[in-house]
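A short worksheet on the structure shown next.
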Amino acid sequence: MKDDWWNADVPAFVVVGRVNAGKTATLATLLEVDDDEILRVSPTPGETTAVQPLPVIYDDEEWIRFFDSPGFQQPVEAMREIERMAGDGTPGPDEVRRFVEECGDDFPDEVRLLEPVVKGAGILYVVDPCKPLRDSFIAEIEILRWSGRPRLALLNPQGPPNEHEEDWRERLGTSFNLVRTFDAHRAKYDERRKLLLSLLQIEERHAARIEHVIEAMEREWDQRREDAAEALVDFLEKALTLRTREGLDERDKGVPTRRERKEEALVVEYYGKLAKLEAACLDRWLDIYRHHLIEADVDPGTHRGLDLTTEETWRRWGLNRWQLIAAGAVAGGAAGAAFDLGVGVHSLGAGTVIGALGGGTAAFLKGGKLPELKIKLGGGLSWKSGDGETLVVGPPKNPNFPWVLLDSMLVRYRSILHRAHGRRDAGPLEESGDGFARGFDAGRRGLLQKWFSSCLKGSPDRGKEPEVFAALLECLEEVEDA
Amino acid sequence: MSPTRGRFPACLGGEDAESWDVAAEDGSRWTLTELIDFESALASWDGKVRPDREGGERAVVMRRWLATRETEGPGSRWVAGLGAAALLLAFLAATAGAGAVWGSLDRASSGVNVIWMLSATLVLPWLLLVLGAIGWLLRGRVPGIGVIGGLVEKLSLRFVRDELREGLERIRRSGELVKVLAWHLAARTQMVAAAFHAGAFAGLGAMVLFKRVGFFWETTTESAMREFLGEAVAVLSAPWAAWLPRAVPDVASSEVTTDWMEGGVGWWSFSLMVLAVWGVLPRLLLAGWMGWRKRRALAGLTFQAPQHRRLWRGLNEVRRGEEPKGPVDGALVITVGGAEPDREALRPFLLRRLRMNPTGWESLGVLDEDREESARAALAKAPAGVVLFAEGWSLAPRQIERALAEVAAMAGERRRVLLVGGPVNDDERAQWERFIDERGGGELELVFYERP
């Protein structure tokens, strides 16, 4: 190891455990490192060959350092060697230190993993509680206990719960300051935060630095959520204002099949562009949450990603019929109310009533249909290009479209957050599960509906944008807890 | 500073009174000049910002950021320009007010038609205000109004410079600046309107003082107009009728068909009172109220436009450090003479037996000079050591010697392993061992690998 691997001013914790106990996966999830070059997570035992320092740096200062270590390979023999060094006495930190100094040739892995411990690092002992508690584990626990360092045991279950867990808890409880469960392949932000809080409980001397890391992590998380909300607002605005256009000449107008072909091409182009917007937002989210192994698999040609052509999509996501009617009525009523106000309420509220009825009825009539893109003929007489009309395609007529779009993104946001960095299976982003929009309260639905309507008309309401941003920020926060 | 402090949901409620007090206490109150400077600075911001660690609400932090900008913004010029324009307009309005009164004087009869005069100096300005307010309320909601607004905007933008056009676009995208500016302009407009009424008041006063004039009204619909005027006078003079009965005119006797010159005496004091009480005073009150709304808007700034949020995140950014550049156990495997071992099979052997993690694969002793060069460059980057791989049958002492020398020169104190692989028979094994013994291997490890 290089000379600078140890710094006495920085609190350090070494992750130890038996070969293939999930030490590297634990660190990968805790520190959000999915780069296999740095932290190799593999079902093959013995992947980690050296002690890998992993500094936690915030604002150019290192606050904590973790060490990934090779696993115990000969713990029983190592324990006997340390006991031999202690003679008739009880082994302690001095014997462990001597073991590290003298036994490198016979116990290379044990010596490597104990080097940081001898220097003063705290211990995170990772075990799989699904495995039976064998003597070799007891030897590991004894060696770590003799080191006299702060110790936290992490139960990283790699299978379904079984009867061994209680044995583990009992045994670890006698030798470790704390015992916690941390599933390296499923742990989310909250579990990571709790793990750091546990470090506070076992390592008082560096409490200020650990607290700083926890605070920085929380702030970073808030920041990420805000970045994600920005990306979502940006995506929704672009998606809802998206149109594809093409000019029509006299022959197109005269021959119906020519016009139909153009319409079909524009529809394909529309969905292609929508998919690109979708992929851009998902890529931004993956980047924000430091995921590099999974990818946004969006291809309307193969119905991957948000597939608007299936009934399943419209049944699972978006608002239900009655919610849609209510939201449509609120948005229509608001526009009507403005009219009433403008005419000094001389209309006796007729604007509000008519607006609400119109909005609600439109939602009722179109809310259950599969998407059919709006196709309009615009232009007529253009000052710049002379004559000619323009075929304008998009967005889908169904008023549930923005809600389906939002839900599809929220579902994938959840998948991103649920994906632990300790996993190394590359592949597309999962998109299963029900949506969230149906759980929104009426106020949020009304606000979003108004903004969606303005976007669908092609002129997003900038005045509402900050409120919409705040509402979507709350949505993302709720998705995290879901 | 926590990003949740000053976060939008908390501010969204807009307890203006509360935020007003907070603003007054912590010195976060903004002025219109500063807000314009801020938006202008934000428009030319390159996205780079040093995090602000002093903490505080958004308004305080944003103000500190503005203070770090060394260039002077256009705010003071804009505000001064608006002030000068308002002053000029107020002067013109006062002149127009006086002119409207004098314009309603029939020089032939030395009489003032009170209906015309009050319509021009009182009713018309208020009508304009009401129409403007309705247009503002219905903007974007009723088809037609948006088109008119758009046309006016397009036309007016044709005559301004690009710089100003960009400035206007910035203002439009920042909702809060629009709001503050709107209240500012509205207050100024009311002052201009007050000047119009005051001009009319002064014009009428001067006319009465320096000229002998009478006041009359005339109509084709005699009784209807008389009734209407009677009611209008009663309503308008309600505030002072009890204590200033002289300023309540006799409508019937001032009709032009009667002895109107004598009968209309009460109109001049009534008209002066109307202009003061229903013209100047409410306009001043409106201007004061609008100024107060402007100040409240300034005190309750939330800075939630997209660009504001971006800056806020930059100012509060927690910068996570870079991850380590690579594994500490990364080893370079160099094959000699073009050998191509099965990497997947060799990797577990290197990991478990040699405890070395093969992160790079290169070749020496091959025809392709680029590959040799690449191997030399990679030698410098393998932290854990170098593995020289040769096939069992391929011992060419000079070639291996040269490769080992090259590796030794680059590897320094790093671990060096000579890995002899492929099928290795006993003779070959003995030859390799003898070769290493004869050259005095030193730190070089000789390992044989036979694929199981």
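Each chain in the structure tokens gets a letter, A, B and so on, in the order shown; residues start at 1 in every chain, and ligands are counted from 1 in the order they appear.
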
Residues of chain A within 7 Å of chain B, only C-alpha atoms counted, as a VMD selection string: chain A and resid 37 to 38 46 to 47 49 to 50 52 54 57 to 60 216 219 to 220 222 to 223 335 338 to 339 342 463 466 470

Could you pull out the residues in region 223-369 of chain B that DSSP calls helix (DSSP H, G or I) from the backbone, as a VMD selection string? chain B and resid 223 to 236 245 to 247 252 to 254 260 to 263 266 to 299 306 to 315 343 to 352 369

Test item: residues at most 8 Å from Val366 (chain B), only C-alpha atoms, excluding those fewer than 6 positions along its chain, as a list in words: Val336, Gly337, Gly338 and Glu372 of chain B

Can you list, as number ranges by chain, every protein, DNA or RNA residue that comes within 9 Å of Ala442 (chain A) when you count only C-alpha atoms, leaving out same-chain residues fewer than 3 positions away? A: 323, 326-327, 445-447

Run DSSP on the backbone and grab whatever in region 224-379 of chain B lands in strand (DSSP E); send it over as a list of chain:residue names. B:Gly330, B:Ala331, B:Leu332, B:Val333, B:Ile334, B:Thr335, B:Val336, B:Asn357, B:Pro358, B:Thr359, B:Gly360, B:Trp361, B:Glu362, B:Ser363, B:Leu364

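Here CA of Ile123 (chain A) and CA of Glu110 (chain A) stand 13.8 Å from one another.
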
One decimal, Å: what's the distance from CA of Leu124 (chain B) over to CA of Pro245 (chain B), could you say?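 Between these atoms lies a distance of 26.7 Å.
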
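The spacing separating CA of Met207 (chain B) from CA of Trp126 (chain B) amounts to 23.7 Å.
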
Find the spatial neighbours of Glu428 (chain B), counting only C-alpha atoms, within a cut-off of 12 Å - ignore same-chain residues fewer than 2 positions away - and output them as a JSON list (two decimals) with all heavy atoms, in the first residue's frame.
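For reference, out_33.json as written:
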[["chain", "number", "residue", "atom", "x", "y", "z"],
["B", 390, "ALA", "N", 4.43, -15.70, -20.45],
["B", 390, "ALA", "CA", 5.08, -16.34, -21.61],
["B", 390, "ALA", "C", 4.60, -17.79, -21.70],
["B", 390, "ALA", "O", 4.23, -18.38, -20.67],
["B", 390, "ALA", "CB", 6.59, -16.29, -21.46],
["B", 391, "GLU", "N", 4.59, -18.32, -22.91],
["B", 391, "GLU", "CA", 4.17, -19.71, -23.05],
["B", 391, "GLU", "C", 5.34, -20.63, -22.72],
["B", 391, "GLU", "O", 6.50, -20.27, -22.94],
["B", 391, "GLU", "CB", 3.68, -19.96, -24.48],
["B", 391, "GLU", "CG", 2.34, -19.29, -24.72],
["B", 391, "GLU", "CD", 2.01, -19.13, -26.20],
["B", 391, "GLU", "OE1", 2.84, -18.56, -26.93],
["B", 391, "GLU", "OE2", 0.92, -19.56, -26.60],
["B", 392, "GLY", "N", 5.00, -21.82, -22.23],
["B", 392, "GLY", "CA", 6.03, -22.73, -21.73],
["B", 392, "GLY", "C", 7.10, -23.06, -22.76],
["B", 392, "GLY", "O", 8.29, -23.12, -22.43],
["B", 393, "TRP", "N", 6.71, -23.23, -23.98],
["B", 393, "TRP", "CA", 7.66, -23.66, -25.02],
["B", 393, "TRP", "C", 8.48, -22.48, -25.56],
["B", 393, "TRP", "O", 9.42, -22.69, -26.33],
["B", 393, "TRP", "CB", 6.91, -24.29, -26.19],
["B", 393, "TRP", "CG", 5.84, -23.38, -26.76],
["B", 393, "TRP", "CD1", 4.55, -23.38, -26.42],
["B", 393, "TRP", "CD2", 6.01, -22.34, -27.74],
["B", 393, "TRP", "NE1", 3.86, -22.41, -27.09],
["B", 393, "TRP", "CE2", 4.74, -21.75, -27.93],
["B", 393, "TRP", "CE3", 7.10, -21.86, -28.46],
["B", 393, "TRP", "CZ2", 4.54, -20.70, -28.80],
["B", 393, "TRP", "CZ3", 6.88, -20.81, -29.34],
["B", 393, "TRP", "CH2", 5.61, -20.24, -29.51],
["B", 394, "SER", "N", 8.17, -21.27, -25.16],
["B", 394, "SER", "CA", 8.68, -20.11, -25.89],
["B", 394, "SER", "C", 9.90, -19.44, -25.26],
["B", 394, "SER", "O", 10.16, -18.28, -25.52],
["B", 394, "SER", "CB", 7.57, -19.08, -26.03],
["B", 394, "SER", "OG", 7.31, -18.52, -24.76],
["B", 395, "LEU", "N", 10.61, -20.16, -24.43],
["B", 395, "LEU", "CA", 11.74, -19.50, -23.76],
["B", 395, "LEU", "C", 12.83, -19.14, -24.78],
["B", 395, "LEU", "O", 13.56, -20.01, -25.27],
["B", 395, "LEU", "CB", 12.31, -20.42, -22.66],
["B", 395, "LEU", "CG", 13.56, -19.90, -21.97],
["B", 395, "LEU", "CD1", 13.30, -18.54, -21.33],
["B", 395, "LEU", "CD2", 14.05, -20.88, -20.92],
["B", 396, "ALA", "N", 12.92, -17.88, -25.10],
["B", 396, "ALA", "CA", 14.02, -17.35, -25.92],
["B", 396, "ALA", "C", 14.76, -16.40, -25.00],
["B", 396, "ALA", "O", 14.29, -15.28, -24.76],
["B", 396, "ALA", "CB", 13.46, -16.62, -27.13],
["B", 420, "VAL", "N", 4.50, -18.44, -16.41],
["B", 420, "VAL", "CA", 4.72, -19.31, -17.56],
["B", 420, "VAL", "C", 3.48, -20.19, -17.70],
["B", 420, "VAL", "O", 3.13, -20.93, -16.78],
["B", 420, "VAL", "CB", 5.99, -20.16, -17.38],
["B", 420, "VAL", "CG1", 6.18, -21.07, -18.59],
["B", 420, "VAL", "CG2", 7.20, -19.26, -17.18],
["B", 421, "GLY", "N", 2.81, -20.06, -18.82],
["B", 421, "GLY", "CA", 1.53, -20.74, -18.94],
["B", 421, "GLY", "C", 1.42, -21.64, -20.13],
["B", 421, "GLY", "O", 2.40, -21.90, -20.84],
["B", 422, "GLY", "N", 0.22, -22.13, -20.34],
["B", 422, "GLY", "CA", -0.02, -23.10, -21.41],
["B", 422, "GLY", "C", 0.39, -24.48, -20.90],
["B", 422, "GLY", "O", 0.76, -24.62, -19.73],
["B", 423, "PRO", "N", 0.36, -25.47, -21.77],
["B", 423, "PRO", "CA", 0.90, -26.75, -21.30],
["B", 423, "PRO", "C", 2.42, -26.62, -21.08],
["B", 423, "PRO", "O", 3.14, -26.17, -21.98],
["B", 423, "PRO", "CB", 0.58, -27.71, -22.45],
["B", 423, "PRO", "CG", 0.24, -26.87, -23.62],
["B", 423, "PRO", "CD", -0.15, -25.51, -23.14],
["B", 424, "VAL", "N", 2.87, -26.91, -19.88],
["B", 424, "VAL", "CA", 4.31, -26.79, -19.56],
["B", 424, "VAL", "C", 4.78, -28.18, -19.12],
["B", 424, "VAL", "O", 4.34, -28.69, -18.08],
["B", 424, "VAL", "CB", 4.56, -25.79, -18.43],
["B", 424, "VAL", "CG1", 6.05, -25.54, -18.26],
["B", 424, "VAL", "CG2", 3.84, -24.48, -18.69],
["B", 425, "ASN", "N", 5.67, -28.74, -19.94],
["B", 425, "ASN", "CA", 6.16, -30.07, -19.52],
["B", 425, "ASN", "C", 7.34, -29.93, -18.58],
["B", 425, "ASN", "O", 7.82, -28.82, -18.32],
["B", 425, "ASN", "CB", 6.46, -30.95, -20.74],
["B", 425, "ASN", "CG", 7.53, -30.32, -21.61],
["B", 425, "ASN", "OD1", 8.48, -29.70, -21.09],
["B", 425, "ASN", "ND2", 7.39, -30.45, -22.93],
["B", 426, "ASP", "N", 7.80, -31.07, -18.08],
["B", 426, "ASP", "CA", 8.84, -31.03, -17.04],
["B", 426, "ASP", "C", 10.13, -30.40, -17.55],
["B", 426, "ASP", "O", 10.80, -29.64, -16.83],
["B", 426, "ASP", "CB", 9.12, -32.45, -16.53],
["B", 426, "ASP", "CG", 7.94, -32.96, -15.73],
["B", 426, "ASP", "OD1", 7.09, -32.11, -15.35],
["B", 426, "ASP", "OD2", 7.85, -34.17, -15.49],
["B", 430, "ALA", "N", 11.91, -27.05, -16.10],
["B", 430, "ALA", "CA", 13.29, -27.02, -15.61],
["B", 430, "ALA", "C", 14.09, -25.93, -16.31],
["B", 430, "ALA", "O", 14.90, -25.24, -15.69],
["B", 430, "ALA", "CB", 13.95, -28.39, -15.86],
["B", 431, "GLN", "N", 13.83, -25.77, -17.62],
["B", 431, "GLN", "CA", 14.57, -24.73, -18.37],
["B", 431, "GLN", "C", 14.24, -23.34, -17.82],
["B", 431, "GLN", "O", 15.13, -22.51, -17.63],
["B", 431, "GLN", "CB", 14.16, -24.77, -19.84],
["B", 431, "GLN", "CG", 14.82, -25.89, -20.61],
["B", 431, "GLN", "CD", 14.18, -26.06, -21.98],
["B", 431, "GLN", "OE1", 13.39, -25.23, -22.42],
["B", 431, "GLN", "NE2", 14.51, -27.15, -22.65],
["B", 432, "TRP", "N", 13.00, -23.08, -17.55],
["B", 432, "TRP", "CA", 12.60, -21.76, -17.03],
["B", 432, "TRP", "C", 13.22, -21.53, -15.65],
["B", 432, "TRP", "O", 13.72, -20.43, -15.37],
["B", 432, "TRP", "CB", 11.06, -21.67, -16.92],
["B", 432, "TRP", "CG", 10.39, -21.36, -18.23],
["B", 432, "TRP", "CD1", 9.77, -22.23, -19.06],
["B", 432, "TRP", "CD2", 10.29, -20.08, -18.85],
["B", 432, "TRP", "NE1", 9.28, -21.60, -20.16],
["B", 432, "TRP", "CE2", 9.58, -20.26, -20.06],
["B", 432, "TRP", "CE3", 10.74, -18.81, -18.53],
["B", 432, "TRP", "CZ2", 9.31, -19.22, -20.94],
["B", 432, "TRP", "CZ3", 10.46, -17.77, -19.41],
["B", 432, "TRP", "CH2", 9.75, -17.98, -20.59],
["B", 433, "GLU", "N", 13.20, -22.56, -14.83],
["B", 433, "GLU", "CA", 13.76, -22.39, -13.47],
["B", 433, "GLU", "C", 15.26, -22.11, -13.54],
["B", 433, "GLU", "O", 15.78, -21.26, -12.84],
["B", 433, "GLU", "CB", 13.48, -23.65, -12.65],
["B", 433, "GLU", "CG", 12.04, -23.71, -12.17],
["B", 433, "GLU", "CD", 11.64, -25.04, -11.56],
["B", 433, "GLU", "OE1", 12.40, -26.03, -11.72],
["B", 433, "GLU", "OE2", 10.56, -25.09, -10.95],
["B", 434, "ARG", "N", 15.91, -22.84, -14.47],
["B", 434, "ARG", "CA", 17.35, -22.64, -14.62],
["B", 434, "ARG", "C", 17.64, -21.23, -15.13],
["B", 434, "ARG", "O", 18.54, -20.55, -14.66],
["B", 434, "ARG", "CB", 17.92, -23.69, -15.60],
["B", 434, "ARG", "CG", 19.44, -23.83, -15.49],
["B", 434, "ARG", "CD", 19.98, -25.10, -16.11],
["B", 434, "ARG", "NE", 19.48, -25.42, -17.43],
["B", 434, "ARG", "CZ", 18.70, -26.45, -17.72],
["B", 434, "ARG", "NH1", 18.31, -27.27, -16.76],
["B", 434, "ARG", "NH2", 18.30, -26.68, -18.96],
["B", 435, "PHE", "N", 16.82, -20.79, -16.05],
["B", 435, "PHE", "CA", 17.00, -19.45, -16.63],
["B", 435, "PHE", "C", 16.89, -18.37, -15.53],
["B", 435, "PHE", "O", 17.72, -17.47, -15.44],
["B", 435, "PHE", "CB", 15.93, -19.21, -17.70],
["B", 435, "PHE", "CG", 15.82, -17.79, -18.17],
["B", 435, "PHE", "CD1", 16.79, -17.22, -18.98],
["B", 435, "PHE", "CD2", 14.73, -17.00, -17.79],
["B", 435, "PHE", "CE1", 16.67, -15.92, -19.41],
["B", 435, "PHE", "CE2", 14.62, -15.70, -18.20],
["B", 435, "PHE", "CZ", 15.59, -15.14, -19.02],
["B", 448, "PHE", "N", 4.15, -21.01, -12.41],
["B", 448, "PHE", "CA", 3.68, -21.78, -13.56],
["B", 448, "PHE", "C", 2.15, -21.89, -13.49],
["B", 448, "PHE", "O", 1.59, -22.07, -12.41],
["B", 448, "PHE", "CB", 4.31, -23.17, -13.55],
["B", 448, "PHE", "CG", 5.78, -23.13, -13.83],
["B", 448, "PHE", "CD1", 6.70, -23.16, -12.78],
["B", 448, "PHE", "CD2", 6.25, -23.03, -15.13],
["B", 448, "PHE", "CE1", 8.05, -23.10, -13.02],
["B", 448, "PHE", "CE2", 7.61, -22.97, -15.37],
["B", 448, "PHE", "CZ", 8.52, -22.99, -14.32]]

Identify which of the residues A:Asp407, A:Thr313, A:Arg186, A:Arg412 lies closest to Ala279 (chain A), counting only C-alpha atoms when measuring atom-to-atom distances.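 Among A:Asp407, A:Thr313, A:Arg186, A:Arg412, it is A:Arg412 that comes nearest to Ala279 (chain A).
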
Close residues, region 257-264 of chain A itself excluded, 12 Å, only C-alpha atoms, min 4 positions apart in chain, as a count of residues only: 26
